[in-house]
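I have placed the structure first, in the form of structure tokens, so that the comments after it can refer back to it.
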Amino acid sequence: MGKNLHDFLSQLEGQLQHDLVRVEQTVSPAQFEVTALLQHLEEMKKFPALFFEKPLNLKGKPSRFPLLSNFFATRQRCALSLGMSADDAKLALSLEYARREEKLISPVTVSTKEAPVKEVVKRGDDADLYEFPIVRHHAMDPAPYIDMTPVMKDPEQGFYNVAFLRNMVKGPRRLGIHMSPRHNWQIHRKNEEKKRPTPVAIVVGHHPAFYLGALNVSPFGVDDYARIGAVMGEPLRLTASETWGEDFMVPADAEIVIEGHVLPNVKEVEAPFGEFTGYYGPQRLRPVIEVTAITHRRNAVFQHIFVGHRDNWVLGGIPKEGSLFNLIRGIVPTVKAIHFPISGCCRFNCYVSVDKKIDGETRQAALAALAGCDFVKHVVVVDADIDVYNEEQVMWAMATRVQADQDVDIIKNAKGNTLDPSQTDDIMTAKMIIDATRPVQRPFAARVEVPKEALAKTRLEDFISPAILERLPKA
Amino acid sequence: MANIFWVTCPKCRGEFYCHTQELRHKGIKLLCPYCSHQFLDEESPRIME
């Protein structure tokens, strides 16, 4: 048995009590009830994973599939999914991700009889998306969306690409699919040029390390199944698909796999959809998937991501931090830390700290971050005395170490993201580097500090009672 | 993001937006996300672009 979601959830409940909340009441995901609960919790600054025991399916009937939501909303849970301590959820987590990502672990094949995801197989008209508790997320979304990971296979080189893409439910066996011009889009484009359908398998529910691995920033051509295995720390178990047999392999330990064809040269209206930016992507013409088969575990869990919120952001940030830290370290060895903050959707804003020895290292570090990931729009480079995980400190460095005419660089007409609402072009964007470090070559003011000796010998509890300290409001 | 235009659904008056290059003046029916009504952009009582 390979790593899987069921075993991990049991482990989570043992290790982080209260981090997984089981909801026993009936809930209607397609009527915004799941996202309403998540929004209420978000406003309370609480981000538990929610396990809905009795969700309704798209027919309005009790679904046989429970629903897992908001799992990735905390770095602590992500750390646990890589076998780390919840205390190592900051840079240590990203560096561990980067360490694992540097190698590939080839997947292994198991027979369909051994594959849990084949416990229930439905082909053709028996496959029915309406049996699932699919979530409708935001007010302007026209339908429930499956927002997990479609897998596609390059028709020329045979590698697999796994990516989070939105899939609009259009019928019991019909989905719309949105692809930005990235890797899966390239694969579909190659097939479409030859008027061939693109095989696709959507993996709905797996061990969380599978999804963290799926978000690696490897170049086009790297087999994502091998990269996911590296991040999971064991070979990913694959099994033959129902539709294409061994010509297209699917994860054997997944909860649910939806197989289908992206039809060539067929486009229908799709969206608006509340996207990772926190804004709706516009309605547009997008390809269509015809579902050919659905396979799942007998006790499968249906999983979704709360797009445009922490669940979506944290998940996307950790892999980028690790990969870009490795990339920057090769160019600027004095790099200390990197962070994609929540405030930038864990994608657009990147904070990097360097123990700067010479002026110019900051620009090198920033340029590497921009080149390494096209999501990155703004790089703020700070000194090593600034904690990049503490946004207040980063903003303080910007306030006190930046002269805009000297320390800010703008790069125009770089590749951006089609979903960034600030872009005036569909593809191109402007990038910005902010050097918030102190100069090396001229004297610079010192930070204020209370003497260390005074801090050591003057103990708070000797002057203010613990009871009063406990009652003091937090800032 | 690409250029967008806001439309109003002639049936339910709900407002949403679409990709200009792909859907403006293309003779393609838009899908109201609120009531599922399908209509041409020219049928929208109000267009903001």
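For the structure tokens, the naming scheme is as follows: chains receive sequential letters (A, B, ...) according to their order of presentation, residues are indexed from 1 within each chain, and ligands are indexed from 1 in presentation order.
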Note to self: Applying 7 Å and only C-alpha atoms, which residues near range 9-16 of chain B remain after dropping the ones on its own chain fewer than 4 positions away? List them as a ChimeraX atom specification.
What the structure shows: /B:32,34-35,37,43-45
Range 131-279 of chain A: residues DSSP assigns to helix (DSSP H, G or I), reported as a PDB file with C-alpha atoms, in the first residue's frame:
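As a result, part-v2.pdb now contains:
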```
ATOM      1  CA  GLU A 131     -22.882  11.517  -7.776  1.00  0.00           C
ATOM      2  CA  HIS A 183       2.461  22.769 -19.485  1.00  0.00           C
ATOM      3  CA  ASN A 184      -0.887  20.991 -19.872  1.00  0.00           C
ATOM      4  CA  TRP A 185      -1.891  23.626 -22.389  1.00  0.00           C
ATOM      5  CA  GLN A 186       1.232  22.776 -24.412  1.00  0.00           C
ATOM      6  CA  ILE A 187       0.290  19.102 -24.413  1.00  0.00           C
ATOM      7  CA  HIS A 188      -3.279  19.842 -25.471  1.00  0.00           C
ATOM      8  CA  ARG A 189      -2.021  22.225 -28.173  1.00  0.00           C
ATOM      9  CA  LYS A 190       0.217  19.518 -29.649  1.00  0.00           C
ATOM     10  CA  ASN A 191      -2.706  17.098 -29.863  1.00  0.00           C
ATOM     11  CA  GLU A 192      -5.112  19.706 -31.137  1.00  0.00           C
ATOM     12  CA  GLU A 193      -2.804  20.643 -34.010  1.00  0.00           C
ATOM     13  CA  PRO A 208      -1.395  15.696   0.448  1.00  0.00           C
ATOM     14  CA  ALA A 209       2.260  15.232  -0.508  1.00  0.00           C
ATOM     15  CA  PHE A 210       0.997  14.168  -3.945  1.00  0.00           C
ATOM     16  CA  TYR A 211      -0.517  17.614  -4.431  1.00  0.00           C
ATOM     17  CA  LEU A 212       2.484  19.453  -3.007  1.00  0.00           C
ATOM     18  CA  GLY A 213       4.610  17.475  -5.462  1.00  0.00           C
ATOM     19  CA  ALA A 214       2.258  18.327  -8.306  1.00  0.00           C
ATOM     20  CA  ASP A 224       5.663  14.923 -12.822  1.00  0.00           C
ATOM     21  CA  TYR A 225       4.926  11.398 -11.584  1.00  0.00           C
ATOM     22  CA  ALA A 226       8.653  11.005 -10.856  1.00  0.00           C
ATOM     23  CA  ARG A 227       8.854  14.442  -9.255  1.00  0.00           C
ATOM     24  CA  ILE A 228       5.785  13.731  -7.125  1.00  0.00           C
ATOM     25  CA  GLY A 229       7.401  10.479  -5.996  1.00  0.00           C
ATOM     26  CA  ALA A 230      10.472  12.438  -4.927  1.00  0.00           C
ATOM     27  CA  VAL A 231       8.365  14.850  -2.871  1.00  0.00           C
ATOM     28  CA  MET A 232       6.314  11.996  -1.373  1.00  0.00           C
TER      29      MET A 232
END
```
Note to self: Set the distance at 12 Å and use only C-alpha atoms: which residues neighbour Leu31 in chain B once local chain neighbours fewer than 2 positions away are removed? I'd like the list as a count of residues only.
What the structure shows: 38
Checklist line | Spatial neighbours of Arg237 in chain A, 6 Å, only C-alpha atoms, chain gap at least 2 places, as a PyMOL selection string | finding: chain A and resi 107-109+251-252
Keeping N, CA, C and O atoms for every residue in the selection just given, could you write it to a file as a compact mmCIF listing (two decimals), in the first residue's frame?
```txt
# COMPACT_ATOMS: atom_id res chain seq x y z
N PRO A 107 8.16 6.20 -10.85
CA PRO A 107 6.97 5.50 -10.33
C PRO A 107 7.09 3.99 -10.55
O PRO A 107 7.90 3.53 -11.35
N VAL A 108 6.27 3.27 -9.81
CA VAL A 108 6.20 1.81 -10.01
C VAL A 108 4.78 1.47 -10.47
O VAL A 108 3.84 2.22 -10.21
N THR A 109 4.68 0.35 -11.13
CA THR A 109 3.38 -0.07 -11.67
C THR A 109 2.80 -1.19 -10.81
O THR A 109 3.52 -2.12 -10.43
N PRO A 251 -2.68 7.31 -10.91
CA PRO A 251 -2.23 6.99 -9.55
C PRO A 251 -3.11 5.91 -8.89
O PRO A 251 -4.32 6.07 -8.76
N ALA A 252 -2.47 4.83 -8.49
CA ALA A 252 -3.20 3.67 -7.96
C ALA A 252 -3.82 3.94 -6.59
O ALA A 252 -4.82 3.33 -6.23
```
Within 6 Å of range 287-290 of chain A: each range 90-186 of chain A residue with its shortest pair, only C-alpha atoms, as CSV:
```
residue,atom,partner,partner_atom,distance
A:Arg173,CA,A:Glu290,CA,5.9
A:Arg174,CA,A:Glu290,CA,4.9
A:Leu175,CA,A:Ile289,CA,5.0
A:Gly176,CA,A:Val288,CA,4.5
A:Ile177,CA,A:Pro287,CA,5.6
```
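The two atoms in question, CA of Met428 in chain A and CA of Lys412 in chain A, are spaced 8.1 Å apart.
The residues of chain B that DSSP classifies as strand (DSSP E or B), using the backbone of this structure, are B:Ile4, B:Phe5, B:Trp6, B:Val7, B:Thr8, B:Glu15, B:Phe16, B:Tyr17, B:Cys18, B:His19, B:Leu30, B:Leu31, B:Gln38, B:Phe39, B:Ile47, B:Met48.
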So that I have them on file, write out the residues from the current selection with C-alpha atoms, as a PDB file, in the first residue's frame.
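Produced file part.pdb, reproduced below:
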```pdb
ATOM      1  CA  ILE B   4     -13.209  42.327 -20.238  1.00  0.00           C
ATOM      2  CA  PHE B   5     -16.709  43.607 -20.743  1.00  0.00           C
ATOM      3  CA  TRP B   6     -19.482  43.543 -18.175  1.00  0.00           C
ATOM      4  CA  VAL B   7     -22.921  42.355 -19.262  1.00  0.00           C
ATOM      5  CA  THR B   8     -26.318  42.211 -17.602  1.00  0.00           C
ATOM      6  CA  GLU B  15     -24.105  41.203 -13.852  1.00  0.00           C
ATOM      7  CA  PHE B  16     -20.944  39.368 -14.831  1.00  0.00           C
ATOM      8  CA  TYR B  17     -18.010  39.794 -17.156  1.00  0.00           C
ATOM      9  CA  CYS B  18     -16.546  38.135 -20.214  1.00  0.00           C
ATOM     10  CA  HIS B  19     -13.327  38.010 -22.227  1.00  0.00           C
ATOM     11  CA  LEU B  30     -23.155  33.882 -23.051  1.00  0.00           C
ATOM     12  CA  LEU B  31     -24.165  31.861 -19.990  1.00  0.00           C
ATOM     13  CA  GLN B  38     -28.139  31.912 -22.440  1.00  0.00           C
ATOM     14  CA  PHE B  39     -28.122  35.120 -24.462  1.00  0.00           C
ATOM     15  CA  ILE B  47     -22.806  46.609 -21.456  1.00  0.00           C
ATOM     16  CA  MET B  48     -19.792  48.200 -19.817  1.00  0.00           C
TER      17      MET B  48
END
```
Notebook entry, point to check: Which of these, A:Asp426, A:Asp420, A:Gly205, A:Tyr351, has the shortest distance to Asn3 in chain B once you count only C-alpha atoms?
Noted result: A:Asp426
Next item on the list: Tell me, as a count of residues only, which residues lie within 7 Å of Lys122 in chain A, counting only C-alpha atoms; anything in the same chain fewer than 3 positions away does not count.
Entry: 5
Find the nearest atom pair between each residue of range 272-339 of chain A and range 62-80 of chain A for residues within 8 Å, count only C-alpha atoms, give distances in Å to one decimal, sort rows by chain and ascending number, and present the table as CSV.
```
residue,atom,partner,partner_atom,distance
A:Asn299,CA,A:Phe65,CA,7.1
A:Ala300,CA,A:Phe65,CA,6.0
A:Val301,CA,A:Pro66,CA,5.2
A:Phe302,CA,A:Leu67,CA,4.8
A:Gln303,CA,A:Leu68,CA,4.7
A:His304,CA,A:Ser69,CA,5.6
A:Ile305,CA,A:Asn70,CA,6.1
A:Phe306,CA,A:Asn70,CA,6.1
A:His309,CA,A:Ala73,CA,8.0
A:Arg310,CA,A:Ala73,CA,4.8
A:Asp311,CA,A:Ala73,CA,3.8
A:Asn312,CA,A:Phe72,CA,7.0
A:Trp313,CA,A:Ala73,CA,7.6
A:Val314,CA,A:Ala73,CA,6.0
A:Leu315,CA,A:Phe72,CA,5.6
```
Note to self: I want to know what sits within 6 Å of range 336-348 of chain A, based on only C-alpha atoms, with residues of the same chain fewer than 3 positions away left out; could you give that as a list of chain:residue names?
What the structure shows: A:Trp313, A:Gly317, A:Glu321, A:Tyr351, A:Val352, A:Ser353, A:Val354, A:Phe375, A:Val376, A:Lys377, A:Val388
